[in-house]
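Here's my_file_36.csv, which has CSV, N, CA and C atoms:
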chain,number,residue,atom,x,y,z
P,1,MET,N,74.7,-68.2,54.6
P,1,MET,CA,75.3,-69.1,55.5
P,1,MET,C,75.7,-68.4,56.8
P,2,THR,N,75.3,-68.9,57.9
P,2,THR,CA,75.6,-68.3,59.2
P,2,THR,C,77.1,-68.6,59.6
P,3,GLU,N,77.6,-67.9,60.5
P,3,GLU,CA,79.0,-68.1,61.0
P,3,GLU,C,79.1,-69.5,61.5
P,4,ASP,N,78.1,-70.0,62.2
P,4,ASP,CA,78.2,-71.4,62.7
P,4,ASP,C,78.3,-72.4,61.6
P,5,GLU,N,77.5,-72.2,60.5
P,5,GLU,CA,77.5,-73.0,59.4
P,5,GLU,C,78.8,-72.9,58.6
P,6,GLN,N,79.4,-71.7,58.6
P,6,GLN,CA,80.7,-71.6,58.0
P,6,GLN,C,81.8,-72.3,58.8
P,7,GLN,N,81.7,-72.2,60.1
P,7,GLN,CA,82.7,-72.9,60.9
P,7,GLN,C,82.6,-74.4,60.7
P,8,LEU,N,81.3,-75.0,60.7
P,8,LEU,CA,81.1,-76.4,60.4
P,8,LEU,C,81.6,-76.8,59.1
P,9,PHE,N,81.4,-75.9,58.1
P,9,PHE,CA,81.9,-76.2,56.7
P,9,PHE,C,83.4,-76.4,56.7
P,10,TYR,N,84.1,-75.5,57.3
P,10,TYR,CA,85.6,-75.5,57.3
P,10,TYR,C,86.1,-76.7,58.2
P,11,ILE,N,85.4,-77.1,59.2
P,11,ILE,CA,85.8,-78.2,60.0
P,11,ILE,C,85.7,-79.5,59.2
P,12,LYS,N,84.6,-79.6,58.4
P,12,LYS,CA,84.4,-80.8,57.6
P,12,LYS,C,85.4,-80.8,56.4
P,13,LEU,N,85.6,-79.6,55.8
P,13,LEU,CA,86.6,-79.5,54.8
P,13,LEU,C,88.0,-79.9,55.2
P,14,GLY,N,88.4,-79.4,56.4
P,14,GLY,CA,89.7,-79.8,56.9
P,14,GLY,C,89.8,-81.3,57.2
P,15,SER,N,88.7,-81.9,57.7
P,15,SER,CA,88.7,-83.3,58.0
P,15,SER,C,88.8,-84.1,56.7
P,16,LYS,N,88.2,-83.6,55.7
P,16,LYS,CA,88.2,-84.3,54.4
P,16,LYS,C,89.6,-84.2,53.8
P,17,ILE,N,90.3,-83.1,53.9
P,17,ILE,CA,91.6,-82.9,53.4
P,17,ILE,C,92.6,-83.8,54.2
P,18,LYS,N,92.4,-83.9,55.5
P,18,LYS,CA,93.2,-84.8,56.3
P,18,LYS,C,93.0,-86.3,55.9
P,19,ASP,N,91.8,-86.7,55.7
P,19,ASP,CA,91.5,-88.0,55.3
P,19,ASP,C,92.1,-88.4,54.0
P,20,GLU,N,92.0,-87.5,53.0
P,20,GLU,CA,92.6,-87.7,51.7
P,20,GLU,C,94.1,-87.7,51.8
P,21,ARG,N,94.7,-86.9,52.6
P,21,ARG,CA,96.1,-86.8,52.8
P,21,ARG,C,96.6,-88.1,53.4
P,22,LEU,N,95.9,-88.6,54.4
P,22,LEU,CA,96.3,-89.9,55.0
P,22,LEU,C,96.1,-91.1,54.0
P,23,LYS,N,95.1,-91.0,53.2
P,23,LYS,CA,94.8,-92.1,52.2
P,23,LYS,C,96.0,-92.1,51.2
P,24,ALA,N,96.5,-90.9,50.9
P,24,ALA,CA,97.6,-90.8,49.9
P,24,ALA,C,99.0,-91.1,50.6
P,25,GLU,N,98.9,-91.3,51.9
P,25,GLU,CA,100.1,-91.6,52.7
P,25,GLU,C,101.2,-90.5,52.6
P,26,ILE,N,100.7,-89.2,52.7
P,26,ILE,CA,101.6,-88.1,52.7
P,26,ILE,C,101.6,-87.5,54.1
P,27,LYS,N,102.8,-87.3,54.6
P,27,LYS,CA,103.0,-86.7,56.0
P,27,LYS,C,102.7,-85.2,55.9
P,28,GLN,N,102.3,-84.6,57.0
P,28,GLN,CA,102.0,-83.2,57.1
P,28,GLN,C,103.2,-82.3,56.6
P,29,GLU,N,104.4,-82.7,57.0
P,29,GLU,CA,105.6,-81.9,56.6
P,29,GLU,C,105.8,-81.9,55.1
P,30,ALA,N,105.6,-83.1,54.5
P,30,ALA,CA,105.8,-83.1,53.0
P,30,ALA,C,104.7,-82.4,52.3
P,31,PHE,N,103.4,-82.5,52.8
P,31,PHE,CA,102.3,-81.9,52.3
P,31,PHE,C,102.5,-80.3,52.3
P,32,ALA,N,102.9,-79.9,53.5
P,32,ALA,CA,103.2,-78.4,53.7
P,32,ALA,C,104.2,-78.0,52.7
P,33,SER,N,105.3,-78.8,52.5
P,33,SER,CA,106.4,-78.4,51.6
P,33,SER,C,105.8,-78.3,50.1
P,34,PHE,N,105.0,-79.3,49.7
P,34,PHE,CA,104.4,-79.3,48.4
P,34,PHE,C,103.6,-78.0,48.1
P,35,LEU,N,103.0,-77.5,49.2
P,35,LEU,CA,102.1,-76.4,49.1
P,35,LEU,C,102.7,-75.0,49.5
P,36,ASN,N,104.0,-75.1,49.8
P,36,ASN,CA,104.7,-73.9,50.2
P,36,ASN,C,104.1,-73.3,51.5
P,37,LEU,N,103.7,-74.1,52.4
P,37,LEU,CA,103.1,-73.7,53.6
P,37,LEU,C,103.9,-74.3,54.8
P,38,SER,N,103.6,-73.8,56.0
P,38,SER,CA,104.2,-74.4,57.2
P,38,SER,C,103.4,-75.6,57.6
P,39,ARG,N,104.0,-76.4,58.4
P,39,ARG,CA,103.3,-77.6,58.9
P,39,ARG,C,102.1,-77.1,59.8
P,40,ALA,N,102.4,-76.0,60.6
P,40,ALA,CA,101.3,-75.4,61.4
P,40,ALA,C,100.1,-75.0,60.6
P,41,SER,N,100.3,-74.5,59.4
P,41,SER,CA,99.2,-74.1,58.5
P,41,SER,C,98.4,-75.4,58.1
P,42,ILE,N,99.1,-76.5,57.9
P,42,ILE,CA,98.4,-77.7,57.5
P,42,ILE,C,97.5,-78.2,58.7
P,43,VAL,N,98.1,-78.2,59.9
P,43,VAL,CA,97.4,-78.6,61.1
P,43,VAL,C,96.1,-77.7,61.2
P,44,ASN,N,96.3,-76.4,61.1
P,44,ASN,CA,95.2,-75.5,61.2
P,44,ASN,C,94.1,-75.7,60.2
P,45,ILE,N,94.5,-75.9,58.9
P,45,ILE,CA,93.5,-76.2,57.9
P,45,ILE,C,92.8,-77.5,58.2
P,46,GLU,N,93.5,-78.5,58.6
P,46,GLU,CA,92.9,-79.8,58.8
P,46,GLU,C,91.9,-79.8,60.0
P,47,LYS,N,92.1,-78.8,61.0
P,47,LYS,CA,91.3,-78.7,62.1
P,47,LYS,C,90.2,-77.7,61.9
P,48,GLY,N,90.2,-77.0,60.7
P,48,GLY,CA,89.1,-76.0,60.4
P,48,GLY,C,89.4,-74.7,60.9
P,49,ARG,N,90.5,-74.4,61.5
P,49,ARG,CA,90.8,-73.1,62.1
P,49,ARG,C,91.4,-72.1,61.1
P,50,GLN,N,91.9,-72.6,60.0
P,50,GLN,CA,92.4,-71.8,58.9
P,50,GLN,C,91.6,-72.0,57.7
P,51,ARG,N,91.2,-71.0,57.0
P,51,ARG,CA,90.3,-71.1,55.9
P,51,ARG,C,91.1,-71.0,54.6
P,52,PRO,N,91.3,-72.1,53.9
P,52,PRO,CA,92.1,-72.0,52.7
P,52,PRO,C,91.4,-71.3,51.5
P,53,PRO,N,92.1,-70.5,50.8
P,53,PRO,CA,91.5,-69.9,49.6
P,53,PRO,C,91.3,-70.9,48.5
P,54,ILE,N,90.4,-70.6,47.6
P,54,ILE,CA,90.1,-71.6,46.5
P,54,ILE,C,91.3,-72.0,45.7
P,55,HIS,N,92.2,-71.1,45.4
P,55,HIS,CA,93.4,-71.6,44.6
P,55,HIS,C,94.2,-72.6,45.4
P,56,LEU,N,94.2,-72.5,46.7
P,56,LEU,CA,94.9,-73.5,47.5
P,56,LEU,C,94.2,-74.9,47.5
P,57,LEU,N,92.9,-74.8,47.5
P,57,LEU,CA,92.1,-76.1,47.4
P,57,LEU,C,92.4,-76.8,46.1
P,58,TRP,N,92.6,-76.0,45.0
P,58,TRP,CA,92.9,-76.6,43.7
P,58,TRP,C,94.3,-77.3,43.8
P,59,SER,N,95.3,-76.6,44.5
P,59,SER,CA,96.6,-77.2,44.6
P,59,SER,C,96.6,-78.5,45.5
P,60,ILE,N,95.8,-78.4,46.6
P,60,ILE,CA,95.6,-79.6,47.5
P,60,ILE,C,95.0,-80.8,46.7
P,61,ALA,N,94.0,-80.5,45.9
P,61,ALA,CA,93.4,-81.6,45.1
P,61,ALA,C,94.4,-82.1,44.1
P,62,LYS,N,95.1,-81.3,43.5
P,62,LYS,CA,96.1,-81.7,42.5
P,62,LYS,C,97.1,-82.6,43.1
P,63,ILE,N,97.7,-82.3,44.3
P,63,ILE,CA,98.7,-83.1,45.0
P,63,ILE,C,98.1,-84.4,45.4
P,64,LEU,N,96.8,-84.4,45.8
P,64,LEU,CA,96.1,-85.6,46.3
P,64,LEU,C,95.6,-86.4,45.1
P,65,ASN,N,95.7,-85.9,43.9
P,65,ASN,CA,95.2,-86.6,42.7
P,65,ASN,C,93.7,-86.9,42.8
P,66,ILE,N,92.9,-85.9,43.2
P,66,ILE,CA,91.5,-85.9,43.3
P,66,ILE,C,90.9,-84.7,42.7
P,67,GLU,N,89.6,-84.7,42.5
P,67,GLU,CA,88.9,-83.5,42.0
P,67,GLU,C,88.7,-82.5,43.2
P,68,VAL,N,88.7,-81.2,42.9
P,68,VAL,CA,88.4,-80.3,44.0
P,68,VAL,C,87.0,-80.5,44.6
P,69,MET,N,86.1,-80.9,43.9
P,69,MET,CA,84.7,-81.1,44.4
P,69,MET,C,84.7,-82.3,45.4
P,70,GLU,N,85.7,-83.2,45.3
P,70,GLU,CA,85.7,-84.3,46.3
P,70,GLU,C,86.1,-83.8,47.7
P,71,LEU,N,86.7,-82.6,47.8
P,71,LEU,CA,87.1,-82.0,49.1
P,71,LEU,C,86.0,-81.3,49.7
P,72,LEU,N,85.0,-80.8,49.0
P,72,LEU,CA,83.9,-80.0,49.5
P,72,LEU,C,82.9,-80.8,50.2
P,73,PRO,N,82.6,-80.5,51.5
P,73,PRO,CA,81.6,-81.2,52.2
P,73,PRO,C,80.2,-80.9,51.7
P,74,GLN,N,79.3,-81.9,51.8
P,74,GLN,CA,77.9,-81.8,51.4
P,74,GLN,C,77.1,-81.4,52.6
P,75,PHE,N,76.2,-80.5,52.5
P,75,PHE,CA,75.4,-80.1,53.6
P,75,PHE,C,73.9,-80.3,53.3
P,76,ASN,N,73.2,-80.5,54.4
P,76,ASN,CA,71.7,-80.5,54.3
P,76,ASN,C,71.2,-80.0,55.6
P,77,ALA,N,69.9,-79.9,55.7
P,77,ALA,CA,69.2,-79.3,56.9
P,77,ALA,C,69.6,-80.0,58.2
P,78,SER,N,69.9,-81.3,58.2
P,78,SER,CA,70.2,-82.0,59.4
P,78,SER,C,71.6,-81.7,59.9
P,79,ASP,N,72.4,-81.0,59.1
P,79,ASP,CA,73.7,-80.6,59.6
P,79,ASP,C,73.7,-79.4,60.6
P,80,VAL,N,72.5,-78.7,60.6
P,80,VAL,CA,72.3,-77.6,61.5
P,80,VAL,C,71.7,-78.2,62.8
P,81,SER,N,72.3,-77.9,63.9
P,81,SER,CA,71.8,-78.5,65.2
P,81,SER,C,70.4,-78.0,65.6
P,82,LEU,N,69.8,-78.8,66.4
P,82,LEU,CA,68.4,-78.4,66.8
P,82,LEU,C,68.4,-77.1,67.5
P,83,SER,N,69.4,-76.8,68.4
P,83,SER,CA,69.5,-75.6,69.1
P,83,SER,C,69.6,-74.4,68.1
P,84,GLU,N,70.3,-74.6,67.0
P,84,GLU,CA,70.5,-73.5,66.0
P,84,GLU,C,69.1,-73.2,65.4
P,85,TRP,N,68.4,-74.3,65.1
P,85,TRP,CA,67.0,-74.1,64.5
P,85,TRP,C,66.1,-73.4,65.4
P,86,LYS,N,66.2,-73.8,66.7
P,86,LYS,CA,65.3,-73.1,67.7
P,86,LYS,C,65.6,-71.6,67.8
P,87,LYS,N,66.9,-71.3,67.8
P,87,LYS,CA,67.3,-69.9,67.9
P,87,LYS,C,66.8,-69.1,66.7
P,88,LYS,N,67.0,-69.7,65.5
P,88,LYS,CA,66.6,-69.1,64.3
P,88,LYS,C,65.0,-68.8,64.3
P,89,ILE,N,64.3,-69.9,64.6
P,89,ILE,CA,62.8,-69.7,64.6
P,89,ILE,C,62.4,-68.8,65.7
P,90,SER,N,62.9,-68.9,66.8
P,90,SER,CA,62.5,-68.0,67.9
P,90,SER,C,62.8,-66.5,67.5
P,91,THR,N,63.8,-66.3,66.8
P,91,THR,CA,64.1,-64.9,66.4
P,91,THR,C,63.1,-64.4,65.4
P,92,GLN,N,62.7,-65.3,64.5
P,92,GLN,CA,61.7,-65.0,63.4
P,92,GLN,C,60.3,-64.8,63.9
P,93,VAL,N,59.9,-65.5,65.0
P,93,VAL,CA,58.5,-65.5,65.4
P,93,VAL,C,58.3,-65.1,66.9
P,94,LYS,N,59.2,-64.2,67.3
P,94,LYS,CA,59.2,-63.8,68.7
P,94,LYS,C,57.9,-63.2,69.2
P,95,SER,N,57.2,-62.6,68.3
P,95,SER,CA,55.9,-61.9,68.7
P,95,SER,C,54.8,-62.8,69.0
P,96,ASN,N,54.9,-64.1,68.6
P,96,ASN,CA,53.8,-65.0,68.8
P,96,ASN,C,54.3,-66.3,69.5
P,97,LYS,N,54.3,-66.4,70.8
P,97,LYS,CA,54.9,-67.5,71.6
P,97,LYS,C,54.2,-68.8,71.3
P,98,GLU,N,52.9,-68.8,71.0
P,98,GLU,CA,52.1,-70.0,70.7
P,98,GLU,C,52.6,-70.7,69.4
P,99,ASN,N,52.8,-69.8,68.4
P,99,ASN,CA,53.3,-70.4,67.1
P,99,ASN,C,54.8,-70.9,67.3
P,100,THR,N,55.6,-70.1,68.1
P,100,THR,CA,56.9,-70.5,68.3
P,100,THR,C,57.0,-71.9,68.9
P,101,SER,N,56.1,-72.1,69.9
P,101,SER,CA,56.1,-73.4,70.6
P,101,SER,C,55.7,-74.5,69.7
P,102,LYS,N,54.7,-74.3,68.8
P,102,LYS,CA,54.2,-75.3,67.9
P,102,LYS,C,55.3,-75.6,66.9
P,103,ILE,N,56.0,-74.6,66.4
P,103,ILE,CA,57.0,-74.9,65.4
P,103,ILE,C,58.2,-75.6,66.0
P,104,LEU,N,58.6,-75.3,67.2
P,104,LEU,CA,59.7,-75.9,67.9
P,104,LEU,C,59.4,-77.4,68.2
P,105,GLY,N,58.1,-77.6,68.6
P,105,GLY,CA,57.7,-79.0,68.8
P,105,GLY,C,57.7,-79.8,67.6
P,106,PHE,N,57.3,-79.2,66.4
P,106,PHE,CA,57.3,-79.9,65.2
P,106,PHE,C,58.8,-80.3,64.8
P,107,ILE,N,59.7,-79.4,65.0
P,107,ILE,CA,61.1,-79.6,64.7
P,107,ILE,C,61.7,-80.8,65.5
P,108,GLU,N,61.3,-80.8,66.8
P,108,GLU,CA,61.8,-81.9,67.6
P,108,GLU,C,61.3,-83.2,67.2
P,109,LYS,N,60.0,-83.3,66.8
P,109,LYS,CA,59.4,-84.5,66.3
P,109,LYS,C,60.1,-85.0,65.0
P,110,ALA,N,60.3,-84.0,64.1
P,110,ALA,CA,60.9,-84.3,62.8
P,110,ALA,C,62.4,-84.8,63.0
P,111,LYS,N,63.1,-84.2,63.9
P,111,LYS,CA,64.5,-84.6,64.2
P,111,LYS,C,64.5,-86.0,64.7
P,112,ILE,N,63.6,-86.3,65.6
P,112,ILE,CA,63.5,-87.7,66.2
P,112,ILE,C,63.3,-88.7,65.1
P,113,LYS,N,62.3,-88.4,64.2
P,113,LYS,CA,62.0,-89.3,63.1
P,113,LYS,C,63.2,-89.5,62.2
P,114,HIS,N,63.9,-88.4,61.9
P,114,HIS,CA,65.0,-88.4,61.0
P,114,HIS,C,66.1,-89.3,61.6
P,115,ASN,N,66.4,-89.3,62.9
P,115,ASN,CA,67.4,-90.1,63.5
P,115,ASN,C,66.9,-91.5,63.7

Using structure tokens, write down the structure from this file.
Amino acid sequence: MTEDEQQLFYIKLGSKIKDERLKAEIKQEAFASFLNLSRASIVNIEKGRQRPPIHLLWSIAKILNIEVMELLPQFNASDVSLSEWKKKISTQVKSNKENTSKILGFIEKAKIKHN
């Protein structure tokens, strides 16, 4: 998992935590108190800036009365941006510009069809 993919993962995780907290009608202050954290930590987790350890995810799920797996975002190839794919492919096939161009063209067409 690249750093960009990790960042996206934690942003989606934080968003899911926030959605579930709001669904449960729990304010950030109370949520923080239940978890023995500061409100600032809750804000940072929900924005994806702070990466909660797995034992904290278990506590969050318990408080929200959901399974831990419900917090984890699902990923697939379309979650990686086109520019990230271009960068990855260009790095892999730098020595052959014709192949790079063909592969990038294919990805663009596939992305258009997918959307």

Between P:Ile63, P:Leu8, P:Leu57, P:Leu13, which has the minimum distance to Ile45 in chain P (counting all atoms listed in the file)?
->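 The answer is P:Leu13, which sits nearest to Ile45 in chain P.
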
What gap, in Å, lies between atom C of Ile66 in chain P and CA of Lys18 in chain P?
-> 13.8 Å

Restricting the calculation to all atoms listed in the file, which member of P:Leu35, P:Ala61, P:Ile42, P:Leu72 is positioned closest to Phe9 in chain P?
->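 Looking at the shortest contact to Phe9 in chain P, the residue is P:Leu72.
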
Gln6 in chain P environment, 10 Å, only C-alpha atoms, sequence neighbours closer than 5 positions dropped, as a PyMOL selection string = chain P and resi 1+11-12+48+51

Can you work out the spacing between atom C of Asp4 in chain P and atom C of Asn44 in chain P in Å, to one decimal?
->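 Between these atoms lies a distance of 16.2 Å.
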
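The spacing separating CA of Ile60 in chain P from CA of Ala30 in chain P amounts to 12.1 Å.
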
In terms of the shortest atom-to-atom distance over only N, CA and C atoms, which of P:Gly14, P:Gly105, P:Gln28, P:Pro53 is closest to Ala40 in chain P?
->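 The shortest atom-to-atom distance to Ala40 in chain P comes from P:Gln28.
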
Complete the atoms of range 1-18 of chain P to N, CA, C and O atoms and put them out as a PDB file, in the frame of the given file.
ATOM      1  N   MET P   1      74.700 -68.200  54.600  1.00  0.00           N
ATOM      2  CA  MET P   1      75.300 -69.100  55.500  1.00  0.00           C
ATOM      3  C   MET P   1      75.700 -68.400  56.800  1.00  0.00           C
ATOM      4  O   MET P   1      76.390 -67.363  56.736  1.00  0.00           O
ATOM      5  N   THR P   2      75.300 -68.900  57.900  1.00  0.00           N
ATOM      6  CA  THR P   2      75.600 -68.300  59.200  1.00  0.00           C
ATOM      7  C   THR P   2      77.100 -68.600  59.600  1.00  0.00           C
ATOM      8  O   THR P   2      77.743 -69.441  58.973  1.00  0.00           O
ATOM      9  N   GLU P   3      77.600 -67.900  60.500  1.00  0.00           N
ATOM     10  CA  GLU P   3      79.000 -68.100  61.000  1.00  0.00           C
ATOM     11  C   GLU P   3      79.100 -69.500  61.500  1.00  0.00           C
ATOM     12  O   GLU P   3      80.140 -70.132  61.294  1.00  0.00           O
ATOM     13  N   ASP P   4      78.100 -70.000  62.200  1.00  0.00           N
ATOM     14  CA  ASP P   4      78.200 -71.400  62.700  1.00  0.00           C
ATOM     15  C   ASP P   4      78.300 -72.400  61.600  1.00  0.00           C
ATOM     16  O   ASP P   4      78.994 -73.374  61.618  1.00  0.00           O
ATOM     17  N   GLU P   5      77.500 -72.200  60.500  1.00  0.00           N
ATOM     18  CA  GLU P   5      77.500 -73.000  59.400  1.00  0.00           C
ATOM     19  C   GLU P   5      78.800 -72.900  58.600  1.00  0.00           C
ATOM     20  O   GLU P   5      79.363 -73.953  58.169  1.00  0.00           O
ATOM     21  N   GLN P   6      79.400 -71.700  58.600  1.00  0.00           N
ATOM     22  CA  GLN P   6      80.700 -71.600  58.000  1.00  0.00           C
ATOM     23  C   GLN P   6      81.800 -72.300  58.800  1.00  0.00           C
ATOM     24  O   GLN P   6      82.621 -73.031  58.183  1.00  0.00           O
ATOM     25  N   GLN P   7      81.700 -72.200  60.100  1.00  0.00           N
ATOM     26  CA  GLN P   7      82.700 -72.900  60.900  1.00  0.00           C
ATOM     27  C   GLN P   7      82.600 -74.400  60.700  1.00  0.00           C
ATOM     28  O   GLN P   7      83.557 -75.137  60.555  1.00  0.00           O
ATOM     29  N   LEU P   8      81.300 -75.000  60.700  1.00  0.00           N
ATOM     30  CA  LEU P   8      81.100 -76.400  60.400  1.00  0.00           C
ATOM     31  C   LEU P   8      81.600 -76.800  59.100  1.00  0.00           C
ATOM     32  O   LEU P   8      82.260 -77.846  58.898  1.00  0.00           O
ATOM     33  N   PHE P   9      81.400 -75.900  58.100  1.00  0.00           N
ATOM     34  CA  PHE P   9      81.900 -76.200  56.700  1.00  0.00           C
ATOM     35  C   PHE P   9      83.400 -76.400  56.700  1.00  0.00           C
ATOM     36  O   PHE P   9      83.955 -77.351  56.154  1.00  0.00           O
ATOM     37  N   TYR P  10      84.100 -75.500  57.300  1.00  0.00           N
ATOM     38  CA  TYR P  10      85.600 -75.500  57.300  1.00  0.00           C
ATOM     39  C   TYR P  10      86.100 -76.700  58.200  1.00  0.00           C
ATOM     40  O   TYR P  10      87.189 -77.241  57.883  1.00  0.00           O
ATOM     41  N   ILE P  11      85.400 -77.100  59.200  1.00  0.00           N
ATOM     42  CA  ILE P  11      85.800 -78.200  60.000  1.00  0.00           C
ATOM     43  C   ILE P  11      85.700 -79.500  59.200  1.00  0.00           C
ATOM     44  O   ILE P  11      86.611 -80.319  59.117  1.00  0.00           O
ATOM     45  N   LYS P  12      84.600 -79.600  58.400  1.00  0.00           N
ATOM     46  CA  LYS P  12      84.400 -80.800  57.600  1.00  0.00           C
ATOM     47  C   LYS P  12      85.400 -80.800  56.400  1.00  0.00           C
ATOM     48  O   LYS P  12      85.861 -81.818  56.008  1.00  0.00           O
ATOM     49  N   LEU P  13      85.600 -79.600  55.800  1.00  0.00           N
ATOM     50  CA  LEU P  13      86.600 -79.500  54.800  1.00  0.00           C
ATOM     51  C   LEU P  13      88.000 -79.900  55.200  1.00  0.00           C
ATOM     52  O   LEU P  13      88.627 -80.725  54.572  1.00  0.00           O
ATOM     53  N   GLY P  14      88.400 -79.400  56.400  1.00  0.00           N
ATOM     54  CA  GLY P  14      89.700 -79.800  56.900  1.00  0.00           C
ATOM     55  C   GLY P  14      89.800 -81.300  57.200  1.00  0.00           C
ATOM     56  O   GLY P  14      90.825 -81.929  56.924  1.00  0.00           O
ATOM     57  N   SER P  15      88.700 -81.900  57.700  1.00  0.00           N
ATOM     58  CA  SER P  15      88.700 -83.300  58.000  1.00  0.00           C
ATOM     59  C   SER P  15      88.800 -84.100  56.700  1.00  0.00           C
ATOM     60  O   SER P  15      89.549 -85.110  56.638  1.00  0.00           O
ATOM     61  N   LYS P  16      88.200 -83.600  55.700  1.00  0.00           N
ATOM     62  CA  LYS P  16      88.200 -84.300  54.400  1.00  0.00           C
ATOM     63  C   LYS P  16      89.600 -84.200  53.800  1.00  0.00           C
ATOM     64  O   LYS P  16      90.179 -85.196  53.252  1.00  0.00           O
ATOM     65  N   ILE P  17      90.300 -83.100  53.900  1.00  0.00           N
ATOM     66  CA  ILE P  17      91.600 -82.900  53.400  1.00  0.00           C
ATOM     67  C   ILE P  17      92.600 -83.800  54.200  1.00  0.00           C
ATOM     68  O   ILE P  17      93.388 -84.522  53.573  1.00  0.00           O
ATOM     69  N   LYS P  18      92.400 -83.900  55.500  1.00  0.00           N
ATOM     70  CA  LYS P  18      93.200 -84.800  56.300  1.00  0.00           C
ATOM     71  C   LYS P  18      93.000 -86.300  55.900  1.00  0.00           C
ATOM     72  O   LYS P  18      93.991 -87.009  55.697  1.00  0.00           O
TER      73      LYS P  18
END
